[in-house]
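*Asks:* What follows is input_31.cif, made up of mmCIF, C-alpha atoms:
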data_my_file
#
loop_
_atom_site.label_atom_id
_atom_site.label_comp_id
_atom_site.auth_asym_id
_atom_site.auth_seq_id
_atom_site.Cartn_x
_atom_site.Cartn_y
_atom_site.Cartn_z
CA MET A 16 43.96 -2.78 16.58
CA ALA A 17 43.40 -2.69 20.30
CA MET A 18 39.69 -3.13 19.61
CA VAL A 19 40.28 -6.37 17.67
CA SER A 20 42.35 -7.99 20.45
CA LEU A 21 39.78 -6.83 23.00
CA ILE A 22 36.99 -8.42 21.00
CA ARG A 23 38.96 -11.64 20.60
CA ARG A 24 39.60 -11.83 24.35
CA GLN A 25 35.93 -11.21 25.12
CA MET A 26 34.83 -13.91 22.68
CA LYS A 27 37.09 -16.48 24.36
CA ASN A 28 35.68 -15.68 27.80
CA HIS A 29 32.08 -15.28 26.66
CA PRO A 30 31.38 -17.41 23.59
CA ALA A 31 27.72 -16.44 23.79
CA LEU A 32 28.70 -13.16 22.15
CA ILE A 33 29.46 -14.91 18.86
CA PRO A 34 25.83 -15.12 17.61
CA LEU A 35 25.42 -11.50 18.61
CA PHE A 36 28.32 -10.44 16.41
CA ILE A 37 27.03 -12.60 13.58
CA PHE A 38 23.55 -11.05 13.58
CA ILE A 39 24.65 -7.47 14.19
CA GLY A 40 27.46 -7.77 11.66
CA GLY A 41 25.17 -9.45 9.13
CA GLY A 42 22.49 -6.80 9.58
CA ALA A 43 24.96 -3.94 9.23
CA THR A 44 26.49 -5.56 6.13
CA MET A 45 23.08 -6.06 4.48
CA SER A 46 22.08 -2.45 5.21
CA ALA A 47 25.36 -1.14 3.80
CA LEU A 48 25.03 -3.28 0.68
CA TYR A 49 21.45 -2.13 0.08
CA LEU A 50 22.48 1.50 0.55
CA ALA A 51 25.28 0.98 -1.97
CA ARG A 52 22.81 -0.61 -4.39
CA LEU A 53 20.49 2.36 -4.05
CA ALA A 54 23.35 4.80 -4.56
CA LEU A 55 24.71 3.07 -7.65
CA ARG A 56 21.66 1.49 -9.33
CA ASN A 57 18.69 3.68 -8.46
CA PRO A 58 17.69 5.76 -11.47
CA ASP A 59 16.68 8.62 -9.19
CA VAL A 60 20.36 9.18 -8.27
CA SER A 61 22.59 11.26 -10.55
CA TRP A 62 26.35 11.10 -9.94
CA ASP A 63 27.59 12.71 -13.15
CA ARG A 64 25.82 16.00 -13.74
CA LYS A 65 27.62 16.65 -17.01
CA ASN A 66 27.32 13.36 -18.86
CA ASN A 67 24.29 11.72 -17.21
CA PRO A 68 22.23 14.44 -15.59
CA GLU A 69 18.81 12.71 -15.62
CA PRO A 70 19.18 8.92 -15.49
CA TRP A 71 15.46 8.52 -14.78
CA ASN A 72 14.76 9.39 -18.39
CA LYS A 73 16.58 6.29 -19.57
CA LEU A 74 14.27 3.70 -18.02
CA GLY A 75 13.72 0.63 -20.18
CA PRO A 76 10.56 -1.52 -20.00
CA THR A 77 12.38 -4.73 -19.03
CA ASP A 78 14.82 -3.29 -16.50
CA GLN A 79 14.16 -4.24 -12.91
CA TYR A 80 14.81 -1.27 -10.63
CA LYS A 81 13.28 -2.68 -7.49
CA PHE A 82 15.21 -5.11 -5.37
CA PHE A 83 12.62 -7.84 -5.33
CA ALA A 84 9.92 -8.86 -7.86
CA VAL A 85 7.01 -10.80 -6.42
CA ASN A 86 4.54 -11.29 -9.27
CA THR A 87 5.93 -9.32 -12.20
CA ASP A 88 7.87 -11.09 -14.91
CA TYR A 89 10.10 -8.26 -16.11
CA SER A 90 11.11 -10.00 -19.32
CA LYS A 91 7.49 -9.87 -20.48
CA LEU A 92 6.90 -6.14 -20.00
CA LYS A 93 6.59 -3.92 -23.03
CA LYS A 94 6.94 -0.20 -23.51
CA ASN A 95 3.66 1.72 -23.41
CA GLU A 96 2.25 1.39 -26.91
CA PRO A 97 -0.62 3.42 -28.28
CA ARG A 98 -3.89 1.64 -27.65
CA THR A 99 -4.67 -0.33 -30.75
CA SER A 100 -6.99 -3.01 -29.43
CA THR A 101 -9.56 -3.55 -26.76
CA GLU A 102 -7.27 -6.02 -25.00
CA THR A 103 -5.36 -3.21 -23.35
CA CYS A 104 -8.47 -1.37 -22.20
CA PRO A 105 -11.55 -3.56 -22.10
CA SER A 106 -14.73 -1.74 -22.91
CA LEU A 107 -18.07 -3.08 -23.97
CA SER A 108 -19.26 -0.06 -25.89
CA TRP A 109 -16.34 2.25 -26.70
CA GLN A 110 -14.63 1.24 -29.94
CA LEU A 111 -11.64 2.47 -31.86
CA ASP A 112 -12.64 4.11 -35.14
CA VAL A 113 -10.61 4.16 -38.36
CA GLU A 114 -8.35 6.99 -37.19
CA GLY A 115 -7.66 5.33 -33.84
CA ARG A 116 -10.00 7.51 -31.73
CA TRP A 117 -12.29 6.04 -29.06
CA THR A 118 -15.95 6.57 -29.99
CA LEU A 119 -19.33 5.14 -29.12
CA PRO A 120 -21.05 3.27 -31.94
CA SER A 121 -23.76 5.40 -33.50
CA GLY A 122 -27.02 5.14 -31.64
CA MET A 123 -25.50 5.23 -28.12
CA MET B 27 -17.50 0.11 6.43
CA ALA B 28 -16.50 0.10 10.09
CA THR B 29 -18.99 -1.22 12.64
CA PRO B 30 -19.37 -0.31 16.33
CA LEU B 31 -16.99 -2.11 18.72
CA GLN B 32 -15.07 -3.44 15.72
CA LEU B 33 -11.65 -4.85 16.68
CA GLY B 34 -10.18 -6.19 13.43
CA PHE B 35 -9.89 -4.98 9.86
CA GLN B 36 -12.87 -4.51 7.56
CA ASP B 37 -13.46 -7.40 5.13
CA ALA B 38 -10.89 -7.28 2.34
CA ALA B 39 -12.20 -6.08 -1.03
CA SER B 40 -8.95 -6.29 -3.00
CA PRO B 41 -6.13 -8.85 -3.32
CA VAL B 42 -3.59 -6.52 -1.65
CA MET B 43 -5.83 -6.10 1.38
CA GLU B 44 -6.23 -9.88 1.62
CA GLU B 45 -2.45 -10.20 1.74
CA LEU B 46 -2.27 -7.51 4.41
CA VAL B 47 -4.90 -9.29 6.52
CA HIS B 48 -3.01 -12.59 6.30
CA PHE B 49 0.24 -10.88 7.24
CA HIS B 50 -1.47 -9.21 10.18
CA ASP B 51 -2.73 -12.63 11.36
CA HIS B 52 0.81 -14.00 11.10
CA ALA B 53 2.44 -11.09 12.95
CA LEU B 54 -0.28 -11.06 15.60
CA MET B 55 0.26 -14.78 16.27
CA VAL B 56 3.97 -14.06 16.83
CA VAL B 57 3.01 -11.28 19.23
CA TYR B 58 0.58 -13.55 21.10
CA LEU B 59 3.26 -16.26 21.49
CA ILE B 60 5.86 -13.84 22.83
CA SER B 61 3.41 -12.13 25.18
CA SER B 62 2.04 -15.35 26.63
CA PHE B 63 5.55 -16.69 27.11
CA VAL B 64 6.61 -13.53 28.95
CA LEU B 65 3.46 -13.60 31.07
CA TYR B 66 4.12 -17.22 32.00
CA ILE B 67 7.72 -16.41 33.00
CA ILE B 68 6.59 -13.46 35.12
CA ILE B 69 3.93 -15.47 36.93
CA THR B 70 6.36 -18.33 37.52
CA LEU B 71 8.98 -15.95 38.89
CA VAL B 72 6.51 -14.40 41.31
CA MET B 73 4.97 -17.66 42.59
CA MET B 74 8.15 -19.75 42.84
CA LYS B 75 9.82 -20.71 46.11
CA LEU B 76 13.32 -21.52 44.76
CA THR B 77 15.96 -18.82 44.81
CA ASN B 78 19.56 -18.98 43.65
CA LYS B 79 21.74 -16.22 45.00
CA HIS B 80 24.91 -17.40 43.21
CA ALA B 81 24.02 -17.39 39.50
CA HIS B 82 26.32 -14.96 37.67
CA ASP B 83 26.12 -15.80 34.02
CA SER B 84 25.28 -18.58 31.60
CA GLN B 85 26.63 -18.78 28.07
CA GLU B 86 23.92 -21.21 26.91
CA ILE B 87 20.95 -19.06 27.78
CA GLU B 88 22.65 -16.00 26.29
CA ILE B 89 23.03 -17.83 22.99
CA VAL B 90 19.35 -18.86 23.08
CA TRP B 91 18.02 -15.40 23.79
CA THR B 92 20.16 -13.90 21.04
CA VAL B 93 19.42 -16.39 18.28
CA LEU B 94 15.72 -16.91 18.96
CA PRO B 95 14.65 -13.23 18.73
CA ALA B 96 16.77 -12.83 15.59
CA ILE B 97 14.94 -15.75 13.99
CA ILE B 98 11.57 -14.35 15.09
CA LEU B 99 12.41 -10.99 13.53
CA ILE B 100 13.40 -12.64 10.25
CA VAL B 101 10.16 -14.67 10.26
CA VAL B 102 8.20 -11.40 10.57
CA ALA B 103 10.32 -9.31 8.20
CA LEU B 104 10.34 -11.59 5.14
CA PRO B 105 6.55 -11.66 4.51
CA SER B 106 6.41 -7.96 5.34
CA LEU B 107 8.98 -7.03 2.70
CA ARG B 108 7.27 -9.33 0.19
CA ILE B 109 3.98 -7.47 0.57
CA LEU B 110 5.79 -4.12 0.42
CA TYR B 111 7.23 -4.95 -2.99
CA LEU B 112 3.96 -6.53 -4.12
CA MET B 113 2.05 -3.31 -3.44
CA ASP B 114 4.42 -1.35 -5.72
CA GLU B 115 4.20 -3.60 -8.75
CA ILE B 116 2.99 -2.41 -12.15
CA ASN B 117 -0.29 -4.00 -13.10
CA ASN B 118 -1.49 -2.26 -16.30
CA PRO B 119 -4.50 -0.32 -15.04
CA HIS B 120 -7.67 -0.51 -17.11
CA LEU B 121 -8.96 2.82 -15.85
CA THR B 122 -7.47 6.00 -14.45
CA VAL B 123 -9.45 8.20 -12.07
CA LYS B 124 -8.23 11.49 -10.67
CA ALA B 125 -9.26 12.25 -7.11
CA ILE B 126 -8.77 15.85 -6.01
CA GLY B 127 -9.19 16.90 -2.41
CA HIS B 128 -10.79 20.21 -1.59
CA GLN B 129 -11.96 21.84 1.59
CA TRP B 130 -14.21 19.93 2.26
CA TYR B 131 -15.17 17.50 -0.50
CA TRP B 132 -13.58 15.26 -3.10
CA SER B 133 -13.91 15.65 -6.84
CA TYR B 134 -13.37 12.82 -9.32
CA GLU B 135 -12.37 13.05 -12.96
CA TYR B 136 -12.70 10.18 -15.42
CA THR B 137 -10.91 11.50 -18.50
CA ASP B 138 -9.86 8.31 -20.27
CA TYR B 139 -12.51 8.46 -22.98
CA LYS B 140 -14.46 11.67 -22.48
CA ASP B 141 -14.52 14.46 -19.93
CA LEU B 142 -16.49 13.20 -16.97
CA SER B 143 -16.03 14.93 -13.66
CA PHE B 144 -18.15 15.55 -10.60
CA ASP B 145 -17.94 16.60 -6.98
CA SER B 146 -18.63 14.25 -4.09
CA TYR B 147 -20.06 15.95 -1.00
CA MET B 148 -21.04 14.20 2.22
CA THR B 149 -24.79 13.72 2.64
CA PRO B 150 -25.83 15.86 5.65
CA THR B 151 -27.27 13.87 8.54
CA GLN B 152 -30.74 15.39 8.26
CA ASP B 153 -30.94 14.35 4.59
CA LEU B 154 -30.16 10.67 5.16
CA THR B 155 -32.77 8.08 4.22
CA PRO B 156 -33.32 5.09 6.54
CA GLY B 157 -30.55 2.53 6.13
CA GLN B 158 -27.89 5.01 5.08
CA PHE B 159 -24.75 5.53 7.14
CA ARG B 160 -24.19 8.74 9.08
CA LEU B 161 -21.12 10.79 8.08
CA LEU B 162 -20.20 8.20 5.43
CA GLU B 163 -22.66 8.64 2.56
CA VAL B 164 -22.00 10.99 -0.36
CA ASP B 165 -24.18 12.44 -3.08
CA HIS B 166 -22.07 11.10 -5.99
CA ARG B 167 -20.08 7.91 -5.46
CA MET B 168 -16.91 7.01 -7.33
CA VAL B 169 -18.04 4.11 -9.51
CA VAL B 170 -15.45 1.63 -10.79
CA PRO B 171 -15.60 -1.71 -12.62
CA THR B 172 -14.81 -4.88 -10.63
CA GLU B 173 -11.81 -7.14 -11.25
CA SER B 174 -10.00 -4.38 -13.17
CA PRO B 175 -6.85 -2.66 -11.95
CA ILE B 176 -7.77 0.96 -11.27
CA ARG B 177 -5.16 3.71 -11.13
CA VAL B 178 -6.04 6.67 -8.92
CA LEU B 179 -4.08 9.92 -9.29
CA ILE B 180 -4.49 11.93 -6.14
CA THR B 181 -3.83 15.58 -5.51
CA ALA B 182 -5.37 18.49 -3.65
CA ASP B 183 -6.54 21.96 -4.38
CA ASP B 184 -5.79 23.78 -1.13
CA VAL B 185 -4.42 21.89 1.90
CA ILE B 186 -3.18 18.34 2.41
CA HIS B 187 -5.90 15.69 2.49
CA SER B 188 -5.60 11.90 2.35
CA TRP B 189 -7.63 9.54 0.18
CA THR B 190 -8.36 6.32 2.04
CA VAL B 191 -10.44 3.20 1.51
CA PRO B 192 -9.53 0.71 4.27
CA SER B 193 -11.27 -2.32 2.73
CA MET B 194 -9.19 -1.89 -0.44
CA GLY B 195 -5.98 -1.39 1.55
CA VAL B 196 -5.45 2.03 -0.02
CA LYS B 197 -4.28 5.25 1.57
CA MET B 198 -2.49 8.05 -0.24
CA ASP B 199 -1.93 11.67 0.73
CA ALA B 200 -3.45 14.37 -1.45
CA VAL B 201 -0.77 17.08 -1.50
CA PRO B 202 -1.29 20.37 -3.36
CA GLY B 203 1.24 20.74 -6.15
CA ARG B 204 2.02 17.03 -6.20
CA LEU B 205 0.46 14.07 -8.00
CA ASN B 206 0.46 10.78 -6.12
CA GLN B 207 -0.48 7.50 -7.74
CA THR B 208 -1.95 4.37 -6.26
CA THR B 209 -3.64 1.33 -7.77
CA PHE B 210 -6.15 -1.17 -6.50
CA ILE B 211 -8.26 -4.01 -7.87
CA PRO B 212 -11.84 -4.32 -6.52
CA SER B 213 -12.33 -8.07 -6.23
CA ARG B 214 -16.11 -8.06 -5.79
CA PRO B 215 -19.04 -5.70 -6.37
CA GLY B 216 -20.06 -3.60 -3.39
CA VAL B 217 -19.96 -0.22 -1.73
CA TYR B 218 -16.77 0.66 0.16
CA TYR B 219 -16.35 3.60 2.51
CA GLY B 220 -13.39 5.63 3.66
CA GLN B 221 -12.76 8.98 5.32
CA CYS B 222 -10.29 11.78 4.74
CA SER B 223 -7.15 10.88 6.68
CA GLU B 224 -5.20 14.12 6.98
CA ILE B 225 -6.38 16.98 9.13
CA CYS B 226 -7.57 19.67 6.78
CA GLY B 227 -9.73 22.10 8.69
CA ALA B 228 -13.13 22.39 10.26
CA ASN B 229 -14.88 19.69 8.21
CA HIS B 230 -12.04 17.20 7.98
CA SER B 231 -14.29 14.51 9.48
CA PHE B 232 -17.07 15.28 7.03
CA MET B 233 -15.59 14.56 3.61
CA PRO B 234 -15.89 10.80 3.12
CA ILE B 235 -14.93 8.67 0.13
CA VAL B 236 -17.34 6.09 -1.28
CA ILE B 237 -16.37 3.60 -3.96
CA GLU B 238 -19.12 1.67 -5.72
CA ALA B 239 -17.67 -1.34 -7.54
CA VAL B 240 -19.95 -2.73 -10.23
CA PRO B 241 -19.54 -5.13 -13.16
CA LEU B 242 -18.15 -3.55 -16.31
CA LYS B 243 -21.51 -3.40 -18.13
CA HIS B 244 -23.08 -1.43 -15.27
CA PHE B 245 -20.03 0.81 -15.09
CA GLU B 246 -20.42 1.72 -18.74
CA ASP B 247 -24.15 2.40 -18.29
CA TRP B 248 -23.32 4.65 -15.33
CA SER B 249 -20.60 6.58 -17.14
CA THR B 250 -22.87 7.12 -20.14
CA SER B 251 -25.66 8.39 -17.89
CA MET B 252 -23.24 10.68 -16.04
CA LEU B 253 -21.99 12.16 -19.31
CA GLU B 254 -25.54 13.07 -20.21
CA PHE B 255 -26.07 14.48 -16.72
CA THR B 256 -22.94 16.69 -16.51
#
Would you write the structure of this file as structure tokens?

*Replies:*
Amino acid sequence: MAMVSLIRRQMKNHPALIPLFIFIGGGATMSALYLARLALRNPDVSWDRKNNPEPWNKLGPTDQYKFFAVNTDYSKLKKNEPRTSTETCPSLSWQLDVEGRWTLPSGM
Amino acid sequence: MATPLQLGFQDAASPVMEELVHFHDHALMVVYLISSFVLYIIITLVMMKLTNKHAHDSQEIEIVWTVLPAIILIVVALPSLRILYLMDEINNPHLTVKAIGHQWYWSYEYTDYKDLSFDSYMTPTQDLTPGQFRLLEVDHRMVVPTESPIRVLITADDVIHSWTVPSMGVKMDAVPGRLNQTTFIPSRPGVYYGQCSEICGANHSFMPIVIEAVPLKHFEDWSTSMLEFT
């Protein structure tokens, strides 16, 4: 409590300290919030070893785990499907045969 | 590749590197502004005839030199964090190549369709042909198709190496027992050089990386010819 009254007295005598408190306080708050986000939302962190030992195995294709998405539209992402068309892996000569194996057309 | 007396980055060959170059220009401009301002203040202080022996404090200037640096830092940090997250995004690679570091060469494995793997040794200086680059050329280049996201899985066989191609904006440590992943998109055809970036023994400076980016048709011709060769 003595600290708070000291700070208040200093701010009255030196108002230039106010922006300093704002930026330092804001920076500390943002760091603490990000650390809390990492602790609670990061799938690499396991809090409950009995009921949820490996949360990284429960990743869904549309979940956003990173704080900020620049170019990726997470609602459009799909789980890794087996390759069934050349759209996922463009190739001029390799083709999928009847059983779904990649082969070169005969003669190549 | 790097050139003698070079001061800046190599020309960007991937979208990520272009972003990094633009960010570097932005941050460097901030640095130039601050440095020239400080230099001006110092010169003025030294050459000036006025002196004030009774100035104790000033609330106004304290506010200015708290708020202004905070704003400058935010102006630098926001683009920086944007690029950091951009570099980590998933981009559905069209091709996966494994790069394995050995003492003292790289080996590449293209196992998406068939087993294609080869070693990449530096060309010794006495075996160079005119026009080739000393300590940068290799006997077998890593060929990739242009305008396709390429995933590279990097590891090492013995000691820690580091797989680097500066013009693509890529650097990733090759750690034995660990698999690191990085992706890049070659924007244009060309030959791009890099050198091992983690001290790994006597020939650490003599195990370069060469990427040859070619259009998809040429890449498929090359991979077919390499399959026949190996």

*Asks:* When you look at range 73-88 of chain B with a cut-off of 12 Å (counting only C-alpha atoms), what residues show up, excluding the ones that are within fewer than 2 positions of it in the same chain? I need them as a PyMOL selection string.

*Replies:* (chain A and resi 26-35) or (chain B and resi 66-71+90-95)

*Asks:* Produce a file of the selected residues containing C-alpha atoms, as a PDB file, keeping the file's coordinate frame.

*Replies:*
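After the write, selection.pdb holds the following:
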ATOM      1  CA  MET A  26      34.830 -13.910  22.680  1.00  0.00           C
ATOM      2  CA  LYS A  27      37.090 -16.480  24.360  1.00  0.00           C
ATOM      3  CA  ASN A  28      35.680 -15.680  27.800  1.00  0.00           C
ATOM      4  CA  HIS A  29      32.080 -15.280  26.660  1.00  0.00           C
ATOM      5  CA  PRO A  30      31.380 -17.410  23.590  1.00  0.00           C
ATOM      6  CA  ALA A  31      27.720 -16.440  23.790  1.00  0.00           C
ATOM      7  CA  LEU A  32      28.700 -13.160  22.150  1.00  0.00           C
ATOM      8  CA  ILE A  33      29.460 -14.910  18.860  1.00  0.00           C
ATOM      9  CA  PRO A  34      25.830 -15.120  17.610  1.00  0.00           C
ATOM     10  CA  LEU A  35      25.420 -11.500  18.610  1.00  0.00           C
TER      11      LEU A  35
ATOM     12  CA  TYR B  66       4.120 -17.220  32.000  1.00  0.00           C
ATOM     13  CA  ILE B  67       7.720 -16.410  33.000  1.00  0.00           C
ATOM     14  CA  ILE B  68       6.590 -13.460  35.120  1.00  0.00           C
ATOM     15  CA  ILE B  69       3.930 -15.470  36.930  1.00  0.00           C
ATOM     16  CA  THR B  70       6.360 -18.330  37.520  1.00  0.00           C
ATOM     17  CA  LEU B  71       8.980 -15.950  38.890  1.00  0.00           C
ATOM     18  CA  VAL B  90      19.350 -18.860  23.080  1.00  0.00           C
ATOM     19  CA  TRP B  91      18.020 -15.400  23.790  1.00  0.00           C
ATOM     20  CA  THR B  92      20.160 -13.900  21.040  1.00  0.00           C
ATOM     21  CA  VAL B  93      19.420 -16.390  18.280  1.00  0.00           C
ATOM     22  CA  LEU B  94      15.720 -16.910  18.960  1.00  0.00           C
ATOM     23  CA  PRO B  95      14.650 -13.230  18.730  1.00  0.00           C
TER      24      PRO B  95
END

*Asks:* Please identify every residue of chain B that has at least one atom no more than 9 Å from any atom of chain A, counting all atoms listed in the file, and report them as a compact mmCIF listing (two decimals) with C-alpha atoms, in the coordinates of the input.

*Replies:*
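See result_26.txt below for the written result:
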# COMPACT_ATOMS: atom_id res chain seq x y z
CA SER B 84 25.28 -18.58 31.60
CA GLN B 85 26.63 -18.78 28.07
CA GLU B 86 23.92 -21.21 26.91
CA ILE B 87 20.95 -19.06 27.78
CA GLU B 88 22.65 -16.00 26.29
CA ILE B 89 23.03 -17.83 22.99
CA VAL B 90 19.35 -18.86 23.08
CA THR B 92 20.16 -13.90 21.04
CA VAL B 93 19.42 -16.39 18.28
CA ALA B 96 16.77 -12.83 15.59
CA LEU B 107 8.98 -7.03 2.70
CA ARG B 108 7.27 -9.33 0.19
CA ILE B 109 3.98 -7.47 0.57
CA TYR B 111 7.23 -4.95 -2.99
CA LEU B 112 3.96 -6.53 -4.12
CA GLU B 115 4.20 -3.60 -8.75
CA ILE B 116 2.99 -2.41 -12.15
CA ASN B 117 -0.29 -4.00 -13.10
CA ASN B 118 -1.49 -2.26 -16.30
CA PRO B 119 -4.50 -0.32 -15.04
CA HIS B 120 -7.67 -0.51 -17.11
CA LEU B 121 -8.96 2.82 -15.85
CA TYR B 139 -12.51 8.46 -22.98
CA LYS B 140 -14.46 11.67 -22.48
CA LEU B 242 -18.15 -3.55 -16.31
CA LYS B 243 -21.51 -3.40 -18.13
CA GLU B 246 -20.42 1.72 -18.74
CA THR B 250 -22.87 7.12 -20.14

*Asks:* Name the residues captured by the PyMOL selection byres ((chain B and resi 239) around 9) when it is applied to the shown file; answer as a list in words.

*Replies:* Met168, Val169, Val170, Pro171, Thr172, Pro212, Ser213, Arg214, Pro215, Gly216, Val217, Tyr218, Ile237, Glu238, Val240, Pro241 and Phe245 of chain B

*Asks:* Report, in Å to a single decimal, how far apart CA of Ser40 in chain B and CA of Ile186 in chain B are.

*Replies:*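 Separating CA of Ile186 in chain B from CA of Ser40 in chain B is a distance of 25.9 Å.
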
*Asks:* Residue by residue, what does the PyMOL selection byres ((chain B and resi 224) around 6) grab here? Present the result as a VMD selection string.

*Replies:* chain B and resid 187 to 188 223 225

*Asks:* Suppose you want the space between CA of Leu65 in chain B and CA of Gly34 in chain B; what is it in Å?

*Replies:*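 Separation of CA of Leu65 in chain B and CA of Gly34 in chain B: 23.5 Å.
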
*Asks:* Find, counting only C-alpha atoms, the residue in B:Ser231, B:Gln129, B:Ser62, B:Gln36 that gets nearest to Pro192 in chain B.

*Replies:*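 Comparing B:Ser231, B:Gln129, B:Ser62, B:Gln36 against Pro192 in chain B, the winner is B:Gln36.
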
*Asks:* Between CA of Val102 in chain B and CA of Asp88 in chain A, what is the distance in Å, rounded to a tenth?

*Replies:*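 Taking CA of Val102 in chain B and CA of Asp88 in chain A, their separation equals 25.5 Å.
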
*Asks:* Please return the centre and edge lengths, in Å to one decimal, of a box with edges along x, y and z that contains all listed atoms of range 90-101 of chain B, widened by 3 Å on every side, as lines of an AutoDock Vina configuration file.

*Replies:*
center_x = 15.2
center_y = -14.9
center_z = 17.0
size_x = 16.0
size_y = 13.9
size_z = 19.5

*Asks:* List as a list of chain:residue names the protein and nucleic acid residues near Arg56 in chain A, meaning an atom at most 12 Å away when only C-alpha atoms are counted, but skip any in the same chain fewer than 5 places from it.

*Replies:*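 Near Arg56 in chain A, the qualifying residues are A:Leu48, A:Tyr49, A:Leu50, A:Ala51, A:Ser61, A:Trp62, A:Pro70, A:Trp71, A:Leu74, A:Asp78, A:Gln79, A:Tyr80, A:Lys81, A:Phe82.
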
*Asks:* With distances taken over all atoms listed in the file, which residue among A:Met18, A:Ala47, A:Lys91, A:Asn72 lies nearest Asp59 in chain A?

*Replies:* A:Asn72

*Asks:* Between B:Val42, B:Ile235, B:Met148, B:Val196, which has the minimum distance to Asp165 in chain B (counting only C-alpha atoms)?

*Replies:*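 Checking each candidate against Asp165 in chain B, we get B:Met148 as the closest.
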
*Asks:* Which residues come within 7 Å of Val191 in chain B, counting all atoms listed in the file, excluding same-chain residues fewer than 2 positions away, as a PyMOL selection string?

*Replies:* chain B and resi 193-197+218-220
